[in-house]
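**Q** Here you go, this is work_2.pdb (PDB, C-alpha atoms).
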```pdb
MODEL        1
ATOM      1  CA  MET A  22    -122.748  57.326 -10.405
ATOM      2  CA  LEU A  23    -126.079  57.952  -8.672
ATOM      3  CA  THR A  24    -124.581  57.469  -5.218
ATOM      4  CA  ARG A  25    -121.785  59.951  -5.907
ATOM      5  CA  LEU A  26    -124.285  62.366  -7.392
ATOM      6  CA  LEU A  27    -126.500  62.258  -4.299
ATOM      7  CA  LYS A  28    -123.568  62.563  -1.903
ATOM      8  CA  SER A  29    -122.055  65.538  -3.671
ATOM      9  CA  HIS A  30    -125.278  67.512  -4.183
ATOM     10  CA  LEU A  31    -127.009  66.649  -0.886
ATOM     11  CA  ALA A  32    -123.985  67.428   1.287
ATOM     12  CA  PRO A  33    -124.933  71.135   1.669
ATOM     13  CA  TYR A  34    -128.335  70.072   3.056
ATOM     14  CA  LYS A  35    -127.086  67.771   5.809
ATOM     15  CA  ASN A  36    -128.826  69.749   8.565
ATOM     16  CA  GLN A  37    -132.153  69.684   6.723
ATOM     17  CA  LEU A  38    -131.845  65.918   6.232
ATOM     18  CA  LEU A  39    -131.185  65.415   9.942
ATOM     19  CA  LEU A  40    -134.262  67.531  10.671
ATOM     20  CA  ILE A  41    -136.319  65.315   8.345
ATOM     21  CA  VAL A  42    -135.107  62.208  10.182
ATOM     22  CA  ALA A  43    -136.123  63.755  13.514
ATOM     23  CA  LEU A  44    -139.555  64.761  12.192
ATOM     24  CA  GLN A  45    -140.138  61.313  10.722
ATOM     25  CA  THR A  46    -139.125  59.693  14.008
ATOM     26  CA  VAL A  47    -141.629  61.744  15.986
ATOM     27  CA  GLN A  48    -144.522  61.264  13.574
ATOM     28  CA  THR A  49    -143.855  57.528  13.222
ATOM     29  CA  THR A  50    -143.675  57.067  16.994
ATOM     30  CA  ALA A  51    -146.928  58.989  17.439
ATOM     31  CA  ALA A  52    -148.651  56.916  14.754
ATOM     32  CA  LEU A  53    -147.542  53.619  16.296
ATOM     33  CA  THR A  54    -148.565  54.745  19.789
ATOM     34  CA  LEU A  55    -152.204  55.337  18.798
ATOM     35  CA  PRO A  56    -153.184  51.608  18.718
ATOM     36  CA  THR A  57    -151.815  51.146  22.246
ATOM     37  CA  ILE A  58    -153.846  54.092  23.533
ATOM     38  CA  ASN A  59    -156.920  52.769  21.761
ATOM     39  CA  ALA A  60    -156.450  49.332  23.369
ATOM     40  CA  ASN A  61    -156.117  50.898  26.809
ATOM     41  CA  ILE A  62    -159.295  52.894  26.282
ATOM     42  CA  ILE A  63    -161.198  49.716  25.403
ATOM     43  CA  ASP A  64    -159.706  47.569  28.182
ATOM     44  CA  LYS A  65    -159.742  50.071  31.035
ATOM     45  CA  GLY A  66    -162.477  52.447  29.934
ATOM     46  CA  VAL A  67    -165.166  50.836  27.802
ATOM     47  CA  LEU A  68    -165.186  47.408  29.456
ATOM     48  CA  ARG A  69    -165.210  48.890  32.959
ATOM     49  CA  GLY A  70    -167.599  51.700  32.122
ATOM     50  CA  ASN A  71    -165.125  54.353  33.254
ATOM     51  CA  GLN A  72    -166.260  57.490  31.440
ATOM     52  CA  GLY A  73    -163.536  59.669  32.953
ATOM     53  CA  TYR A  74    -160.797  57.348  31.673
ATOM     54  CA  ILE A  75    -162.353  57.330  28.222
ATOM     55  CA  TRP A  76    -162.512  61.130  28.006
ATOM     56  CA  THR A  77    -159.013  61.615  29.412
ATOM     57  CA  TRP A  78    -157.241  59.153  27.164
ATOM     58  CA  GLY A  79    -159.458  60.102  24.247
ATOM     59  CA  ALA A  80    -158.074  63.636  24.572
ATOM     60  CA  VAL A  81    -154.543  62.191  24.740
ATOM     61  CA  MET A  82    -155.267  60.226  21.577
ATOM     62  CA  VAL A  83    -156.398  63.401  19.824
ATOM     63  CA  VAL A  84    -153.177  65.143  20.894
ATOM     64  CA  PHE A  85    -151.069  62.291  19.507
ATOM     65  CA  SER A  86    -153.033  62.436  16.242
ATOM     66  CA  ILE A  87    -152.393  66.173  15.929
ATOM     67  CA  ILE A  88    -148.686  65.643  16.646
ATOM     68  CA  GLN A  89    -148.519  62.985  13.954
ATOM     69  CA  ILE A  90    -150.231  65.198  11.378
ATOM     70  CA  VAL A  91    -148.124  68.271  12.139
ATOM     71  CA  PHE A  92    -144.801  66.434  12.085
ATOM     72  CA  ALA A  93    -145.740  64.441   8.976
ATOM     73  CA  VAL A  94    -146.631  67.630   7.098
ATOM     74  CA  ALA A  95    -143.394  69.260   8.284
ATOM     75  CA  ALA A  96    -141.356  66.243   7.129
ATOM     76  CA  VAL A  97    -142.962  66.309   3.686
ATOM     77  CA  TYR A  98    -142.414  70.080   3.453
ATOM     78  CA  TRP A  99    -138.721  69.889   4.270
ATOM     79  CA  GLY A 100    -138.294  66.826   2.059
ATOM     80  CA  ALA A 101    -139.816  68.674  -0.891
ATOM     81  CA  LYS A 102    -137.684  71.728  -0.130
ATOM     82  CA  VAL A 103    -134.476  69.686  -0.084
ATOM     83  CA  ALA A 104    -135.461  67.923  -3.319
ATOM     84  CA  MET A 105    -136.224  71.216  -5.078
ATOM     85  CA  SER A 106    -132.910  72.709  -3.942
ATOM     86  CA  PHE A 107    -131.126  69.553  -5.074
ATOM     87  CA  GLY A 108    -132.753  69.773  -8.514
ATOM     88  CA  ARG A 109    -131.913  73.466  -8.814
ATOM     89  CA  ASP A 110    -128.229  72.869  -8.072
ATOM     90  CA  LEU A 111    -128.022  69.911 -10.416
ATOM     91  CA  ARG A 112    -129.680  71.785 -13.281
ATOM     92  CA  LYS A 113    -127.317  74.713 -12.739
ATOM     93  CA  ASN A 114    -124.249  72.470 -12.924
ATOM     94  CA  LEU A 115    -125.525  70.695 -16.020
ATOM     95  CA  PHE A 116    -126.397  73.986 -17.700
ATOM     96  CA  HIS A 117    -122.926  75.428 -17.136
ATOM     97  CA  GLN A 118    -121.405  72.172 -18.358
ATOM     98  CA  VAL A 119    -123.442  72.234 -21.564
ATOM     99  CA  THR A 120    -122.739  75.891 -22.254
ATOM    100  CA  ASP A 121    -119.013  75.068 -22.258
ATOM    101  CA  PHE A 122    -119.521  72.671 -25.172
ATOM    102  CA  SER A 123    -118.365  73.649 -28.618
ATOM    103  CA  ALA A 124    -120.759  73.718 -31.566
ATOM    104  CA  ARG A 125    -119.360  70.389 -32.725
ATOM    105  CA  GLU A 126    -119.997  68.754 -29.343
ATOM    106  CA  VAL A 127    -123.526  70.128 -29.211
ATOM    107  CA  GLY A 128    -124.186  68.740 -32.670
ATOM    108  CA  SER A 129    -122.698  65.386 -31.654
ATOM    109  CA  PHE A 130    -124.958  64.990 -28.623
ATOM    110  CA  GLY A 131    -127.965  66.651 -30.202
ATOM    111  CA  ALA A 132    -129.999  69.508 -28.769
ATOM    112  CA  PRO A 133    -133.034  67.299 -27.887
ATOM    113  CA  SER A 134    -130.803  64.912 -25.931
ATOM    114  CA  LEU A 135    -129.202  67.758 -23.991
ATOM    115  CA  ILE A 136    -132.589  69.260 -23.162
ATOM    116  CA  THR A 137    -133.788  65.879 -21.911
ATOM    117  CA  ARG A 138    -130.716  65.517 -19.682
ATOM    118  CA  ILE A 139    -131.265  68.915 -18.063
ATOM    119  CA  THR A 140    -135.048  68.653 -17.640
ATOM    120  CA  ASN A 141    -136.550  65.163 -17.507
ATOM    121  CA  ASP A 142    -133.534  63.263 -16.159
ATOM    122  CA  VAL A 143    -132.990  65.765 -13.366
ATOM    123  CA  GLN A 144    -136.692  65.605 -12.532
ATOM    124  CA  GLN A 145    -136.529  61.831 -12.142
ATOM    125  CA  VAL A 146    -133.644  62.071  -9.671
ATOM    126  CA  GLN A 147    -135.489  64.871  -7.869
ATOM    127  CA  ILE A 148    -138.543  62.629  -7.456
ATOM    128  CA  LEU A 149    -136.231  59.951  -6.060
ATOM    129  CA  VAL A 150    -135.009  62.400  -3.404
ATOM    130  CA  VAL A 151    -138.592  63.302  -2.461
ATOM    131  CA  MET A 152    -139.588  59.653  -2.112
ATOM    132  CA  ALA A 153    -136.479  58.951  -0.039
ATOM    133  CA  CYS A 154    -137.219  61.838   2.336
ATOM    134  CA  THR A 155    -140.874  60.915   2.783
ATOM    135  CA  MET A 156    -141.012  57.113   2.571
ATOM    136  CA  ALA A 157    -137.538  55.547   2.580
ATOM    137  CA  ILE A 158    -136.508  57.345   5.767
ATOM    138  CA  ALA A 159    -139.775  56.491   7.535
ATOM    139  CA  ALA A 160    -139.586  52.759   6.695
ATOM    140  CA  PRO A 161    -136.611  51.767   8.914
ATOM    141  CA  ILE A 162    -137.847  54.061  11.682
ATOM    142  CA  THR A 163    -141.218  52.298  11.574
ATOM    143  CA  LEU A 164    -139.445  48.934  11.773
ATOM    144  CA  VAL A 165    -137.342  49.875  14.804
ATOM    145  CA  VAL A 166    -140.124  51.619  16.739
ATOM    146  CA  GLY A 167    -142.597  48.838  15.888
ATOM    147  CA  VAL A 168    -140.245  46.165  17.220
ATOM    148  CA  ILE A 169    -139.670  48.159  20.421
ATOM    149  CA  LEU A 170    -143.409  48.576  21.008
ATOM    150  CA  ALA A 171    -144.015  44.894  20.242
ATOM    151  CA  LEU A 172    -141.390  43.898  22.813
ATOM    152  CA  HIS A 173    -142.976  46.276  25.298
ATOM    153  CA  GLN A 174    -146.361  44.597  24.867
ATOM    154  CA  ASP A 175    -145.248  40.959  25.118
ATOM    155  CA  VAL A 176    -141.732  39.609  24.721
ATOM    156  CA  GLY A 177    -142.931  36.039  24.181
ATOM    157  CA  LEU A 178    -145.279  36.888  21.339
ATOM    158  CA  SER A 179    -142.607  39.099  19.760
ATOM    159  CA  VAL A 180    -140.730  35.934  18.769
ATOM    160  CA  ILE A 181    -143.478  35.385  16.188
ATOM    161  CA  LEU A 182    -142.574  38.760  14.662
ATOM    162  CA  VAL A 183    -138.918  37.759  14.351
ATOM    163  CA  ILE A 184    -139.834  34.434  12.714
ATOM    164  CA  ALA A 185    -142.252  36.138  10.325
ATOM    165  CA  MET A 186    -139.626  38.712   9.295
ATOM    166  CA  ARG A 187    -137.114  35.969   8.541
ATOM    167  CA  CYS A 188    -139.652  33.968   6.520
ATOM    168  CA  VAL A 189    -140.647  37.025   4.489
ATOM    169  CA  GLY A 190    -136.990  37.861   3.885
ATOM    170  CA  ARG A 191    -136.282  34.357   2.586
ATOM    171  CA  ALA A 192    -139.386  34.318   0.400
ATOM    172  CA  ARG A 193    -138.527  37.666  -1.233
ATOM    173  CA  SER A 194    -134.802  37.066  -1.747
ATOM    174  CA  PRO A 195    -134.182  36.465  -5.467
ATOM    175  CA  ARG A 196    -132.365  33.232  -6.210
ATOM    176  CA  LEU A 197    -131.402  31.497  -9.388
ATOM    177  CA  ALA A 198    -132.292  27.877  -9.799
ATOM    178  CA  ASP A 199    -129.544  25.313  -9.210
ATOM    179  CA  GLY A 200    -127.231  25.206 -12.187
ATOM    180  CA  ALA A 201    -128.881  28.177 -13.893
ATOM    181  CA  ARG A 202    -126.623  30.686 -15.555
ATOM    182  CA  VAL A 203    -127.200  34.228 -16.715
ATOM    183  CA  PRO A 204    -126.275  34.689 -20.385
ATOM    184  CA  ALA A 205    -123.340  36.997 -20.937
ATOM    185  CA  ASP A 206    -125.317  39.035 -23.478
ATOM    186  CA  ALA A 207    -128.499  39.228 -21.371
ATOM    187  CA  GLY A 208    -128.458  43.023 -21.381
ATOM    188  CA  ALA A 209    -127.419  43.452 -25.005
ATOM    189  CA  ASP A 210    -129.723  44.673 -27.736
ATOM    190  CA  ARG A 211    -131.211  42.027 -30.003
ATOM    191  CA  PRO A 212    -132.979  42.449 -33.313
ATOM    192  CA  GLY A 213    -136.734  42.581 -32.989
ATOM    193  CA  GLN A 214    -136.704  43.910 -29.439
ATOM    194  CA  PRO A 215    -137.729  47.575 -29.676
ATOM    195  CA  GLY A 216    -137.735  47.916 -25.882
ATOM    196  CA  ALA A 217    -133.994  47.299 -25.569
ATOM    197  CA  ALA A 218    -131.876  50.352 -24.924
ATOM    198  CA  ARG A 219    -128.176  51.055 -24.883
ATOM    199  CA  ALA A 220    -126.402  53.005 -22.207
ATOM    200  CA  ASP A 221    -125.357  56.438 -23.395
ATOM    201  CA  HIS A 222    -121.665  56.737 -22.504
ATOM    202  CA  ARG A 223    -121.604  60.262 -23.874
ATOM    203  CA  TYR A 224    -123.655  61.664 -21.027
ATOM    204  CA  PRO A 225    -122.793  65.374 -21.024
ATOM    205  CA  GLY A 226    -123.208  65.849 -17.290
ATOM    206  CA  GLY A 227    -120.512  63.373 -16.380
ATOM    207  CA  ALA A 228    -117.897  65.977 -15.564
ATOM    208  CA  CYS A 229    -120.078  68.040 -13.274
ATOM    209  CA  LEU A 230    -121.719  64.983 -11.728
ATOM    210  CA  ARG A 231    -118.357  63.838 -10.430
ATOM    211  CA  ALA A 232    -117.824  67.179  -8.705
TER     212      ALA A 232
ENDMDL
END
```
Could I get this structure in the form of structure tokens?
**A**
Amino acid sequence: MLTRLLKSHLAPYKNQLLLIVALQTVQTTAALTLPTINANIIDKGVLRGNQGYIWTWGAVMVVFSIIQIVFAVAAVYWGAKVAMSFGRDLRKNLFHQVTDFSAREVGSFGAPSLITRITNDVQQVQILVVMACTMAIAAPITLVVGVILALHQDVGLSVILVIAMRCVGRARSPRLADGARVPADAGADRPGQPGAARADHRYPGGACLRA
């Protein structure tokens, strides 16, 4: 449901999403290049007492920092703009769907529940879009660019990075113990568990969400 919702309502903003990916790529590359410049300044400038090299590459480092800041701010701006437009469209569709309900249907769902669907639930999905545009997109870009820069520095030492990634992936992968089984009613409500919740199959936005 969530995947179809995002695909249908984010399709009109494909160009803006591609722009966000480009902005995130530039700012991530600039951020990961700064340590290399800093290392060169220390190795070739500070240790050798080359003041000209220090000033030159220090200015380059400042330029890369400014590029990172500008592109990061632009990526956040466009991500927030896409998320706000997404929330506006979704609220509009839900509102028109609810206004088509009869008085009996409104009484069946309840006015507080309908208000929550149009306001709080849409806001939660909108926050998800913002986080995806600002953090989720930057994460794989950081991984790819980081691996490329690591290989550029030293191919032999980069093997350690590959081994570490595999070890972390194995350690974080959830596994059930041998012979363990998940109860069939694990997600069902039980008496004395106030935190349990049932899925609301009467969600009023279902028709418009499938659009």
**Q** Name the residues captured by the PyMOL selection byres ((chain A and resi 167) around 12) when it is applied to the shown file; answer as a list in words.
**A** Thr46, Thr49, Thr50, Ala51, Ala52, Leu53, Thr54, Leu55, Pro56, Thr57, Ala159, Ala160, Pro161, Ile162, Thr163, Leu164, Val165, Val166, Val168, Ile169, Leu170, Ala171, Leu172, His173, Gln174, Ser179, Leu182 and Val183 of chain A
**Q** I'd like to see the residues matched by the PyMOL selection byres ((chain A and resi 133-139) around 9) on this file, and ideally I'd get them as a PyMOL selection string.
**A** chain A and resi 111-113+115-116+119+127+130-132+140-144+224-226
**Q** Here is a test: counting only C-alpha atoms, which residue of A:Gly100, A:Gly128, A:Gly73, A:Pro33 is nearest to A:Met152?
**A**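 Result for the nearest residue to A:Met152: A:Gly100.
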**Q** Taking only C-alpha atoms into account, which of A:Val146, A:Arg125, A:Ala101, A:Asn59 comes nearest A:Thr77?
**A** A:Asn59
**Q** So the first atom is atom CA of A:His117 and the second is atom CA of A:Leu149; what is the distance between them in Å, to one decimal place?
**A**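 For atom CA of A:His117 relative to atom CA of A:Leu149, the distance reads 23.2 Å.
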**Q** Provide the atom CA of A:Ala157 to atom CA of A:Val42 distance in Å, to one decimal place.
**A**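 The value is 10.4 Å.
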**Q** Of the candidates A:Ala153, A:Leu40, A:Ala96, A:Ala185, which one gets nearest to A:Leu27 if we count all atoms listed in the file?
**A** A:Ala153
**Q** Taking all atoms listed in the file into account, name the residue in A:Met82, A:Val189, A:Ala93, A:Ala104 that is nearest to A:Ile148.
**A**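 Once distances to A:Ile148 are computed over all atoms listed in the file, the minimum belongs to A:Ala104.
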**Q** Using all atoms listed in the file, pick whichever of A:Val176, A:Leu31, A:Ala192, A:Ser129 has the shortest atom-to-atom distance to A:Val150.
**A** A:Leu31
**Q** To one decimal place in Å, what is the distance between atom CA of A:Gly108 and atom CA of A:Phe92?
**A**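 Interatomic distance, atom CA of A:Gly108 to atom CA of A:Phe92: 24.1 Å.
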**Q** Taking the file as I've supplied it (selection: the PyMOL selection byres ((chain A and resi 41) around 9)), which residues are included? Please answer as a PyMOL selection string.
**A** chain A and resi 36-40+42-46+95-97+99-100+154-155+158
**Q** Taking only C-alpha atoms into account, which of A:Val47, A:Ala60, A:Ala124, A:Cys188 comes nearest A:Val94?
**A**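 Smallest distance to A:Val94 is found for A:Val47.
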**Q** Name all residues at most 12 Å from A:Gly66 (count all atoms listed in the file; drop same-chain ones fewer than 4 positions away) and give them as a ChimeraX atom specification.
**A** /A:58-62,70-79
